[in-house]
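So the structure is just underneath, and the comments pick up after that.
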Amino acid sequence: MPLPSTKLPTIKAIRAYSMGGAAAKIRGQGGGDYHDQGKDHWIDDHIATPMSKYKEYEQSRQSFGLNVLGTLVVEVEASDGTTGFAISTAGQVGCFIVEKHLNRFVEGKRVDQIKLIHDQMINATLFYSGGGGVVINTISCVDLALWDLYGKVIGLPVYKILGGAVRDEIHFYATGARPDLAQKMGFIGGKMPTHWSSAFGDEGIEKDVAMLADMRGRVGDDFWLMFDCWMSQDVNYATKMAHAAAPYKLKWMEECFPAADVESYRELKKNMPKGMLMTTGEHTGNLSAFKELSDAGVDILQPDVGWCGGITSLQEIAALAKAHGQLVVPHGSSVYSHHAVITFTNTPFSEFLMTAPKADHLRPQFDPILVGEPVPEGGIITAEQLDKPGFGVELNRDCPLERPYTH
Ligand SMILES: [Mg+2]
């Protein structure tokens with residue numbers, strides 16, 4: 001009797017679409033590139049970055065191009081007519097890579113050959129990926145689309161294919177400008193962006209710690225508060241901030257330095273007040289780089305499943321963290337994270353990114369591009385809510401999608 005897998009369909013076609021970003025006529029679309037929002041949004045309000053030292057780029061991340069890429073949508077179609085899809089941040093650059101390069105590793109394979117395709121995509125792009133960046137975003141998107149397709153073909157949610165849930169529900173903290181409002185919505189904590197970088201010296205520390213003190217006063221002693229520093233600091237500044245923030249029970253300092261600046265992470269970990277956590281990883285795109293961060297003493301690895309190589313890579317990173325007694329709490333990526341983290345024993349909570357402009361109500365992170373994207377009601381998403389084939393979402397075809405390349 002033949003193995004059941006030999007009856008699985010093959011992948012007939014892969015297609016790549018983009019939305020928003022600098023190449024599009026319509027900007028501010030959100031979707032997979034959630035930084036591509038309209039005006040007056042907390043996510044673009046004087047957030048500290050490595051570009052803050054330049055006056056003309058201090059106020060807005062969009063001003064230096066944070067939203068140039070736009071959304072990438074990858075759609076894969078099986079020989080039985082089933083389709084799967086996923087989204088990430090890569091726009092038209094990603095479309096080119098999918099349609100002109102990665103397509104050869106996907107079309108003709110059986111729908112369950114995800115790890116083989118993943119390994120071929122990673123190795124075939126080493127000469128121009130640099131082990132990360134937009135190339136890995138694109139590979140992640142293909143990987144996620146393949147998991148979605150496989151789930152839809154066999155009629156199972158992705159988390160069940162990965163081995164099943166280890167908990168009944170996922171508890172979330174919220175990232176946004178208003179942890180006090182997130183607390184009222186049932187979240188377990190709130191992570192705020194810092195607004196001042198090391199370019200501003202001690203005054204920057206004072207201003208951000210004053211914001212933390214004010215928020216601590218609003219939320220009481222027990223609610224988690226964290227700082228997201230988006231690569232904007234140096235070791236001395238981060239050390240001083242950590243000590244200034246400790247009296248206000250700051251739970252962690254996130255991404256103080258660029259991903260490759262491993263020695264700074266190692267140094268900061270030594271300097272931090274005991275008990276405060278050091279976290280990073282959303283801009284890291286390969287397993288070896290995660291190992292370096294893990295070795296440097298990062299307490300929580302935070303890969304973005306849409307930027308780190310997809311669920312296939314995220315599983316490897318979670319295992320790496322587990323071996324070192326560390327947590328893996330992915331950078332918020334909605335359903336693509338949910339289906340993975342509910343199977344991980346070292347992910348006790350997860351991130352929800354508030355994309356409502358004032359962070360005052362729940363809005364699906366990738367709005368408007370996914371149909372059926374769940375949001376944490378009372379700070380929780382249950383395993384039951386994920387019980388739909390694949391990632392349990394559909395592509396909103398009313399969005400202004402373009403297909404710039406074909407093959
Ligand atoms: Mg972050």
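Residues in the structure tokens are numbered from 1 in each chain, the chains being A, B, ... in the order shown, and ligands are numbered from 1 in the order shown.
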
Where in range 134-347 of chain A does DSSP assign alpha helix (DSSP H), given as a ChimeraX atom specification?
-> /A:134-154,158-161,179-184,201-219,235-245,262-271,287-295,310-323,334-341

Could you list, with a cut-off of 8 Å and counting only C-alpha atoms and all ligand atoms, the residues of chain A near ligand 1, each shown with its nearest atom pair and the distance in Å rounded to one decimal, rows sorted by chain and ascending number, as JSON lines?
```
{"residue": "A:Asp228", "atom": "CA", "partner": "ligand 1", "partner_atom_place_in_ligand_line": "1 (Mg)", "distance": 5.2}
{"residue": "A:Cys229", "atom": "CA", "partner": "ligand 1", "partner_atom_place_in_ligand_line": "1 (Mg)", "distance": 7.1}
{"residue": "A:Trp230", "atom": "CA", "partner": "ligand 1", "partner_atom_place_in_ligand_line": "1 (Mg)", "distance": 6.0}
{"residue": "A:Glu254", "atom": "CA", "partner": "ligand 1", "partner_atom_place_in_ligand_line": "1 (Mg)", "distance": 6.2}
{"residue": "A:Glu255", "atom": "CA", "partner": "ligand 1", "partner_atom_place_in_ligand_line": "1 (Mg)", "distance": 6.3}
{"residue": "A:Thr280", "atom": "CA", "partner": "ligand 1", "partner_atom_place_in_ligand_line": "1 (Mg)", "distance": 7.3}
{"residue": "A:Glu282", "atom": "CA", "partner": "ligand 1", "partner_atom_place_in_ligand_line": "1 (Mg)", "distance": 6.5}
{"residue": "A:His331", "atom": "CA", "partner": "ligand 1", "partner_atom_place_in_ligand_line": "1 (Mg)", "distance": 6.6}
```

Once you have the residues from the selection above, write them out as a compact mmCIF listing (two decimals), in the first residue's frame, restricted to C-alpha atoms.
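Ended up saving to again-v2.txt:
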```txt
# COMPACT_ATOMS: atom_id res chain seq x y z
CA ASP A 228 10.98 48.96 23.10
CA CYS A 229 14.13 50.87 22.14
CA TRP A 230 14.30 50.03 18.40
CA GLU A 254 13.96 45.51 24.13
CA GLU A 255 16.22 45.89 21.11
CA THR A 280 15.74 41.31 21.09
CA GLU A 282 12.84 40.97 15.51
CA HIS A 331 7.53 39.87 17.51
```

So which bits of range 42-289 of chain A end up strand (DSSP E or B) when you DSSP the backbone, as a VMD selection string?
-> chain A and resid 71 to 78 83 to 89 110 157 169 to 175 189 to 193 224 to 228 250 to 254 277 to 280

Write out, as a short mmCIF file (atom, residue, chain, number, x, y, z; two decimals), in the first residue's frame, the residues just selected, with N, CA and C atoms.
```cif
data_model
loop_
_atom_site.label_atom_id
_atom_site.label_comp_id
_atom_site.auth_asym_id
_atom_site.auth_seq_id
_atom_site.Cartn_x
_atom_site.Cartn_y
_atom_site.Cartn_z
N THR A 71 3.39 45.62 1.54
CA THR A 71 3.00 44.24 1.82
C THR A 71 3.38 43.32 0.67
N LEU A 72 3.87 42.13 1.03
CA LEU A 72 4.02 41.04 0.05
C LEU A 72 2.95 39.99 0.36
N VAL A 73 2.26 39.56 -0.68
CA VAL A 73 1.32 38.44 -0.56
C VAL A 73 1.84 37.32 -1.45
N VAL A 74 2.04 36.15 -0.89
CA VAL A 74 2.42 34.98 -1.69
C VAL A 74 1.25 34.00 -1.68
N GLU A 75 0.87 33.60 -2.87
CA GLU A 75 -0.24 32.64 -3.01
C GLU A 75 0.29 31.39 -3.70
N VAL A 76 -0.03 30.23 -3.13
CA VAL A 76 0.37 28.96 -3.74
C VAL A 76 -0.87 28.14 -4.04
N GLU A 77 -0.87 27.52 -5.21
CA GLU A 77 -2.04 26.76 -5.66
C GLU A 77 -1.65 25.31 -5.89
N ALA A 78 -2.41 24.39 -5.30
CA ALA A 78 -2.13 22.97 -5.44
C ALA A 78 -2.84 22.39 -6.67
N THR A 83 -5.91 26.54 -2.53
CA THR A 83 -4.90 27.60 -2.47
C THR A 83 -4.56 27.93 -1.02
N GLY A 84 -3.31 28.31 -0.82
CA GLY A 84 -2.85 28.82 0.46
C GLY A 84 -2.17 30.14 0.19
N PHE A 85 -2.02 30.95 1.24
CA PHE A 85 -1.36 32.24 1.04
C PHE A 85 -0.78 32.70 2.36
N ALA A 86 0.08 33.71 2.29
CA ALA A 86 0.59 34.38 3.50
C ALA A 86 1.01 35.79 3.12
N ILE A 87 1.25 36.59 4.14
CA ILE A 87 1.70 37.97 3.92
C ILE A 87 2.96 38.24 4.73
N SER A 88 3.75 39.17 4.25
CA SER A 88 4.87 39.69 5.03
C SER A 88 5.19 41.10 4.55
N THR A 89 6.36 41.58 4.92
CA THR A 89 6.80 42.92 4.54
C THR A 89 7.92 42.78 3.52
N ARG A 110 5.58 18.32 -3.87
CA ARG A 110 4.37 17.91 -3.17
C ARG A 110 4.10 18.90 -2.03
N PRO A 157 -5.69 22.82 11.18
CA PRO A 157 -4.99 24.07 11.49
C PRO A 157 -3.50 23.82 11.59
N GLU A 169 -5.04 28.41 25.79
CA GLU A 169 -5.21 29.79 25.34
C GLU A 169 -3.88 30.54 25.37
N ILE A 170 -3.82 31.59 24.57
CA ILE A 170 -2.62 32.44 24.54
C ILE A 170 -2.96 33.75 25.23
N HIS A 171 -2.12 34.16 26.20
CA HIS A 171 -2.31 35.44 26.88
C HIS A 171 -1.36 36.47 26.27
N PHE A 172 -1.87 37.67 26.08
CA PHE A 172 -1.11 38.67 25.34
C PHE A 172 -0.77 39.90 26.18
N TYR A 173 0.43 40.45 25.88
CA TYR A 173 0.69 41.83 26.28
C TYR A 173 0.50 42.68 25.01
N ALA A 174 0.29 43.97 25.23
CA ALA A 174 0.03 44.86 24.09
C ALA A 174 1.19 45.81 23.88
N THR A 175 1.55 46.00 22.63
CA THR A 175 2.55 47.01 22.29
C THR A 175 1.85 48.23 21.72
N GLY A 189 0.18 43.09 30.08
CA GLY A 189 1.23 44.09 30.17
C GLY A 189 1.18 45.02 28.96
N GLY A 190 2.02 46.05 29.02
CA GLY A 190 2.07 47.00 27.92
C GLY A 190 3.51 47.41 27.63
N LYS A 191 3.86 47.40 26.37
CA LYS A 191 5.22 47.79 25.95
C LYS A 191 5.13 49.09 25.18
N MET A 192 5.90 50.07 25.65
CA MET A 192 5.88 51.39 25.02
C MET A 192 7.16 51.63 24.22
N PRO A 193 7.04 52.33 23.10
CA PRO A 193 8.28 52.74 22.42
C PRO A 193 8.94 53.86 23.21
N TRP A 224 2.61 44.59 33.90
CA TRP A 224 3.93 44.64 33.27
C TRP A 224 4.08 45.91 32.40
N LEU A 225 5.24 46.53 32.53
CA LEU A 225 5.57 47.64 31.62
C LEU A 225 6.95 47.38 31.03
N MET A 226 7.07 47.58 29.75
CA MET A 226 8.33 47.33 29.05
C MET A 226 8.67 48.50 28.12
N PHE A 227 9.96 48.60 27.77
CA PHE A 227 10.44 49.60 26.81
C PHE A 227 10.93 48.91 25.53
N ASP A 228 10.47 49.40 24.40
CA ASP A 228 10.98 48.96 23.10
C ASP A 228 11.88 50.07 22.55
N LEU A 250 10.38 48.32 35.54
CA LEU A 250 10.41 48.02 34.11
C LEU A 250 10.75 46.55 33.95
N LYS A 251 9.92 45.82 33.20
CA LYS A 251 10.13 44.36 33.09
C LYS A 251 11.27 44.02 32.14
N TRP A 252 11.28 44.70 30.98
CA TRP A 252 12.40 44.45 30.07
C TRP A 252 12.75 45.66 29.21
N MET A 253 13.99 45.62 28.74
CA MET A 253 14.49 46.57 27.74
C MET A 253 14.64 45.78 26.44
N GLU A 254 13.98 46.25 25.39
CA GLU A 254 13.96 45.51 24.13
C GLU A 254 14.76 46.22 23.04
N LEU A 277 14.87 42.09 32.39
CA LEU A 277 15.16 41.21 31.26
C LEU A 277 15.66 42.00 30.05
N MET A 278 16.50 41.35 29.26
CA MET A 278 17.01 41.92 28.01
C MET A 278 16.44 41.10 26.86
N THR A 279 15.84 41.76 25.91
CA THR A 279 15.16 41.04 24.82
C THR A 279 15.56 41.63 23.47
N THR A 280 15.52 40.81 22.45
CA THR A 280 15.74 41.31 21.09
C THR A 280 15.53 40.18 20.08
#
```

To one decimal in Å, tell me the separation between CA of Cys256 in chain A and CA of Gln233 in chain A.
->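 Rounded to one decimal, the two atoms are 5.3 Å apart.
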
Closest atom pairs, range 117-201 of chain A residues within 12 Å of range 297-304 of chain A, only C-alpha atoms, as a Markdown table:
```
| residue | atom | partner | partner_atom | distance |
| --- | --- | --- | --- | --- |
| A:Gly132 | CA | A:Asp304 | CA | 11.6 |
| A:Gly133 | CA | A:Asp304 | CA | 11.6 |
| A:Ile136 | CA | A:Asp304 | CA | 10.8 |
| A:Asn137 | CA | A:Asp304 | CA | 9.2 |
| A:Ser140 | CA | A:Asp304 | CA | 9.4 |
| A:Cys141 | CA | A:Asp304 | CA | 11.3 |
```

Mind dumping the selected residues with C-alpha atoms as a PDB file, in the first residue's frame?
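Wrote it out as out11.pdb, contents follow:
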```
ATOM      1  CA  GLY A 132      18.551  38.253   6.595  1.00  0.00           C
ATOM      2  CA  GLY A 133      16.692  41.319   5.409  1.00  0.00           C
ATOM      3  CA  ILE A 136      14.458  36.353   4.332  1.00  0.00           C
ATOM      4  CA  ASN A 137      11.182  38.267   4.708  1.00  0.00           C
ATOM      5  CA  SER A 140       9.359  33.586   5.300  1.00  0.00           C
ATOM      6  CA  CYS A 141       6.284  34.563   3.324  1.00  0.00           C
TER       7      CYS A 141
END
```

Tell me which protein, DNA and RNA residues are within 8 Å of range 241-249 of chain A, counting only C-alpha atoms, leaving out same-chain ones fewer than 4 positions away, and put them as a list in words.
->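 The neighbour list is Ile205, Val209, Leu212, Ala213, Arg216, Asp221, Trp224, Leu225, Tyr237, Met253, Met272, Pro273 and Met276 of chain A.
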
Emit the selected residues as an mmCIF file, in the first residue's frame, including C-alpha atoms.
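And here's part.cif as it stands now:
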```cif
data_model
loop_
_atom_site.group_PDB
_atom_site.id
_atom_site.type_symbol
_atom_site.label_atom_id
_atom_site.label_comp_id
_atom_site.auth_asym_id
_atom_site.auth_seq_id
_atom_site.Cartn_x
_atom_site.Cartn_y
_atom_site.Cartn_z
ATOM 1 C CA ILE A 205 16.670 59.091 29.687
ATOM 2 C CA VAL A 209 11.672 57.397 32.461
ATOM 3 C CA LEU A 212 7.331 55.244 32.512
ATOM 4 C CA ALA A 213 6.765 56.744 35.977
ATOM 5 C CA ARG A 216 3.303 53.145 36.433
ATOM 6 C CA ASP A 221 2.301 47.980 40.722
ATOM 7 C CA TRP A 224 3.934 44.644 33.265
ATOM 8 C CA LEU A 225 5.574 47.640 31.619
ATOM 9 C CA TYR A 237 22.880 54.983 27.614
ATOM 10 C CA MET A 253 14.494 46.569 27.741
ATOM 11 C CA MET A 272 21.558 45.593 34.040
ATOM 12 C CA PRO A 273 19.802 45.539 37.403
ATOM 13 C CA MET A 276 15.314 43.086 34.545
#
```

Record the distance separating CA of Ile139 in chain A and CA of Thr125 in chain A, expressed in Å with one decimal.
->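 Taking CA of Ile139 in chain A and CA of Thr125 in chain A, their separation equals 9.3 Å.
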
Closest atom pairs, range 123-161 of chain A residues within 10 Å of range 334-340 of chain A, only C-alpha atoms, as JSON lines:
```
{"residue": "A:Cys141", "atom": "CA", "partner": "A:Tyr336", "partner_atom": "CA", "distance": 10.0}
{"residue": "A:Leu144", "atom": "CA", "partner": "A:Tyr336", "partner_atom": "CA", "distance": 7.3}
{"residue": "A:Ala145", "atom": "CA", "partner": "A:Tyr336", "partner_atom": "CA", "distance": 10.0}
{"residue": "A:Trp147", "atom": "CA", "partner": "A:Tyr336", "partner_atom": "CA", "distance": 9.8}
{"residue": "A:Asp148", "atom": "CA", "partner": "A:Tyr336", "partner_atom": "CA", "distance": 9.4}
{"residue": "A:Pro157", "atom": "CA", "partner": "A:His339", "partner_atom": "CA", "distance": 7.8}
{"residue": "A:Val158", "atom": "CA", "partner": "A:His339", "partner_atom": "CA", "distance": 6.0}
{"residue": "A:Tyr159", "atom": "CA", "partner": "A:His339", "partner_atom": "CA", "distance": 4.6}
{"residue": "A:Lys160", "atom": "CA", "partner": "A:His339", "partner_atom": "CA", "distance": 8.3}
{"residue": "A:Ile161", "atom": "CA", "partner": "A:His339", "partner_atom": "CA", "distance": 9.6}
```

Would you mind exporting C-alpha atoms of the selected residues as a PDB file, in the first residue's frame?
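Now in result_10.pdb:
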```pdb
ATOM      1  CA  CYS A 141       6.284  34.563   3.324  1.00  0.00           C
ATOM      2  CA  LEU A 144       4.097  30.522   5.675  1.00  0.00           C
ATOM      3  CA  ALA A 145       2.059  30.200   2.469  1.00  0.00           C
ATOM      4  CA  TRP A 147       2.137  25.779   5.757  1.00  0.00           C
ATOM      5  CA  ASP A 148      -1.209  27.433   5.029  1.00  0.00           C
ATOM      6  CA  PRO A 157      -4.995  24.066  11.489  1.00  0.00           C
ATOM      7  CA  VAL A 158      -1.243  24.646  11.266  1.00  0.00           C
ATOM      8  CA  TYR A 159      -0.786  24.305  15.037  1.00  0.00           C
ATOM      9  CA  LYS A 160      -2.101  20.747  14.904  1.00  0.00           C
ATOM     10  CA  ILE A 161       0.340  19.829  12.130  1.00  0.00           C
TER      11      ILE A 161
END
```

Who sits within 7 Å of range 261-271 of chain A, only C-alpha atoms, same chain under 4 positions skipped, as a list in words |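 What passes the distance filter is Val235, Thr239, Phe257, Met278, Glu292, Leu293, Ala296 and Gly297 of chain A.
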
Could you tell me how far CA of Lys109 in chain A lies from CA of Thr312 in chain A, in Å and to one decimal?
->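 Going from CA of Lys109 in chain A over to CA of Thr312 in chain A covers 16.7 Å.
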
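The environment of Arg167 in chain A within 10 Å, counting only C-alpha atoms and disregarding residues fewer than 3 places along the same chain, consists of Gly164, Ile170, Val341, Ile342, Thr343, Phe344, Thr345, Pro348, Thr382 and Ala383 of chain A.
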
Can you write just those residues out, C-alpha atoms, as an mmCIF file, in the first residue's frame?
```cif
data_model
loop_
_atom_site.group_PDB
_atom_site.id
_atom_site.type_symbol
_atom_site.label_atom_id
_atom_site.label_comp_id
_atom_site.auth_asym_id
_atom_site.auth_seq_id
_atom_site.Cartn_x
_atom_site.Cartn_y
_atom_site.Cartn_z
ATOM 1 C CA GLY A 164 -0.676 20.376 18.815
ATOM 2 C CA ILE A 170 -2.619 32.440 24.536
ATOM 3 C CA VAL A 341 3.581 29.688 19.917
ATOM 4 C CA ILE A 342 0.627 27.649 21.134
ATOM 5 C CA THR A 343 2.837 24.588 20.443
ATOM 6 C CA PHE A 344 5.952 25.988 22.215
ATOM 7 C CA THR A 345 6.610 25.139 25.872
ATOM 8 C CA PRO A 348 4.198 31.506 28.142
ATOM 9 C CA THR A 382 -8.106 30.403 22.566
ATOM 10 C CA ALA A 383 -6.903 27.298 20.757
#
```

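Residues in contact range of range 33-42 of chain A, defined as at most 8 Å between only C-alpha atoms, with sequence neighbours fewer than 4 positions away removed, read Gly20, Gly21, Arg27, Gly28, Gln29, Gln62, Leu66, Asn67, Val68, Leu69, Gly70, Thr71, Ser88, Thr89, Ala90, Gly176, Ala177, Thr355, Ala356, Pro357, Lys358, Ala359, Gln365 and Phe366 of chain A.
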
For the residues in the current selection, export N, CA and C atoms as an mmCIF file, in the first residue's frame.
```cif
data_model
loop_
_atom_site.group_PDB
_atom_site.id
_atom_site.type_symbol
_atom_site.label_atom_id
_atom_site.label_comp_id
_atom_site.auth_asym_id
_atom_site.auth_seq_id
_atom_site.Cartn_x
_atom_site.Cartn_y
_atom_site.Cartn_z
ATOM 1 N N GLY A 20 0.637 48.657 -1.246
ATOM 2 C CA GLY A 20 1.244 49.743 -0.487
ATOM 3 C C GLY A 20 2.741 49.844 -0.733
ATOM 4 N N GLY A 21 3.430 50.582 0.117
ATOM 5 C CA GLY A 21 4.858 50.802 -0.070
ATOM 6 C C GLY A 21 5.115 51.895 -1.101
ATOM 7 N N ARG A 27 -0.894 54.973 -0.617
ATOM 8 C CA ARG A 27 -0.042 54.725 0.548
ATOM 9 C C ARG A 27 -0.902 54.571 1.806
ATOM 10 N N GLY A 28 -0.248 54.223 2.905
ATOM 11 C CA GLY A 28 -0.959 54.139 4.182
ATOM 12 C C GLY A 28 -1.956 53.017 4.243
ATOM 13 N N GLN A 29 -1.658 51.907 3.563
ATOM 14 C CA GLN A 29 -2.610 50.802 3.474
ATOM 15 C C GLN A 29 -2.552 49.840 4.657
ATOM 16 N N GLN A 62 8.544 57.139 9.085
ATOM 17 C CA GLN A 62 8.183 57.136 7.656
ATOM 18 C C GLN A 62 9.063 58.113 6.878
ATOM 19 N N LEU A 66 10.600 53.977 6.557
ATOM 20 C CA LEU A 66 10.223 52.726 7.210
ATOM 21 C C LEU A 66 9.100 51.999 6.464
ATOM 22 N N ASN A 67 8.312 52.772 5.709
ATOM 23 C CA ASN A 67 7.170 52.157 5.018
ATOM 24 C C ASN A 67 7.375 52.059 3.500
ATOM 25 N N VAL A 68 8.625 51.983 3.061
ATOM 26 C CA VAL A 68 8.843 51.922 1.601
ATOM 27 C C VAL A 68 8.526 50.536 1.013
ATOM 28 N N LEU A 69 8.667 49.497 1.816
ATOM 29 C CA LEU A 69 8.575 48.144 1.239
ATOM 30 C C LEU A 69 7.151 47.779 0.834
ATOM 31 N N GLY A 70 6.226 47.950 1.745
ATOM 32 C CA GLY A 70 4.848 47.539 1.467
ATOM 33 C C GLY A 70 4.647 46.051 1.734
ATOM 34 N N THR A 71 3.395 45.622 1.542
ATOM 35 C CA THR A 71 2.998 44.241 1.823
ATOM 36 C C THR A 71 3.377 43.320 0.669
ATOM 37 N N SER A 88 3.750 39.167 4.249
ATOM 38 C CA SER A 88 4.873 39.685 5.035
ATOM 39 C C SER A 88 5.193 41.096 4.549
ATOM 40 N N THR A 89 6.357 41.581 4.925
ATOM 41 C CA THR A 89 6.800 42.923 4.538
ATOM 42 C C THR A 89 7.915 42.778 3.516
ATOM 43 N N ALA A 90 7.629 43.041 2.271
ATOM 44 C CA ALA A 90 8.670 42.940 1.233
ATOM 45 C C ALA A 90 8.217 43.586 -0.075
ATOM 46 N N GLY A 176 2.137 49.381 22.324
ATOM 47 C CA GLY A 176 1.499 50.609 21.857
ATOM 48 C C GLY A 176 1.758 51.728 22.839
ATOM 49 N N ALA A 177 1.194 52.884 22.534
ATOM 50 C CA ALA A 177 1.472 54.068 23.346
ATOM 51 C C ALA A 177 0.655 54.115 24.630
ATOM 52 N N THR A 355 -2.581 48.311 16.345
ATOM 53 C CA THR A 355 -2.473 49.132 15.128
ATOM 54 C C THR A 355 -3.565 50.191 15.050
ATOM 55 N N ALA A 356 -4.412 50.277 16.075
ATOM 56 C CA ALA A 356 -5.350 51.405 16.137
ATOM 57 C C ALA A 356 -4.513 52.672 16.334
ATOM 58 N N PRO A 357 -4.799 53.733 15.575
ATOM 59 C CA PRO A 357 -3.936 54.925 15.605
ATOM 60 C C PRO A 357 -3.677 55.485 16.995
ATOM 61 N N LYS A 358 -4.662 55.437 17.869
ATOM 62 C CA LYS A 358 -4.469 55.966 19.231
ATOM 63 C C LYS A 358 -4.300 54.827 20.251
ATOM 64 N N ALA A 359 -4.144 53.595 19.760
ATOM 65 C CA ALA A 359 -3.979 52.411 20.635
ATOM 66 C C ALA A 359 -5.112 52.316 21.661
ATOM 67 N N GLN A 365 -4.043 43.189 13.611
ATOM 68 C CA GLN A 365 -2.731 43.768 13.322
ATOM 69 C C GLN A 365 -2.533 44.046 11.832
ATOM 70 N N PHE A 366 -2.976 43.118 10.999
ATOM 71 C CA PHE A 366 -2.705 43.258 9.571
ATOM 72 C C PHE A 366 -3.898 43.823 8.799
#
```

A:Ala16, A:Asp45, A:Gln385, A:Gly309: which is nearest Met121 in chain A, counting only C-alpha atoms?
->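 Comparing A:Ala16, A:Asp45, A:Gln385, A:Gly309 against Met121 in chain A, the winner is A:Gly309.
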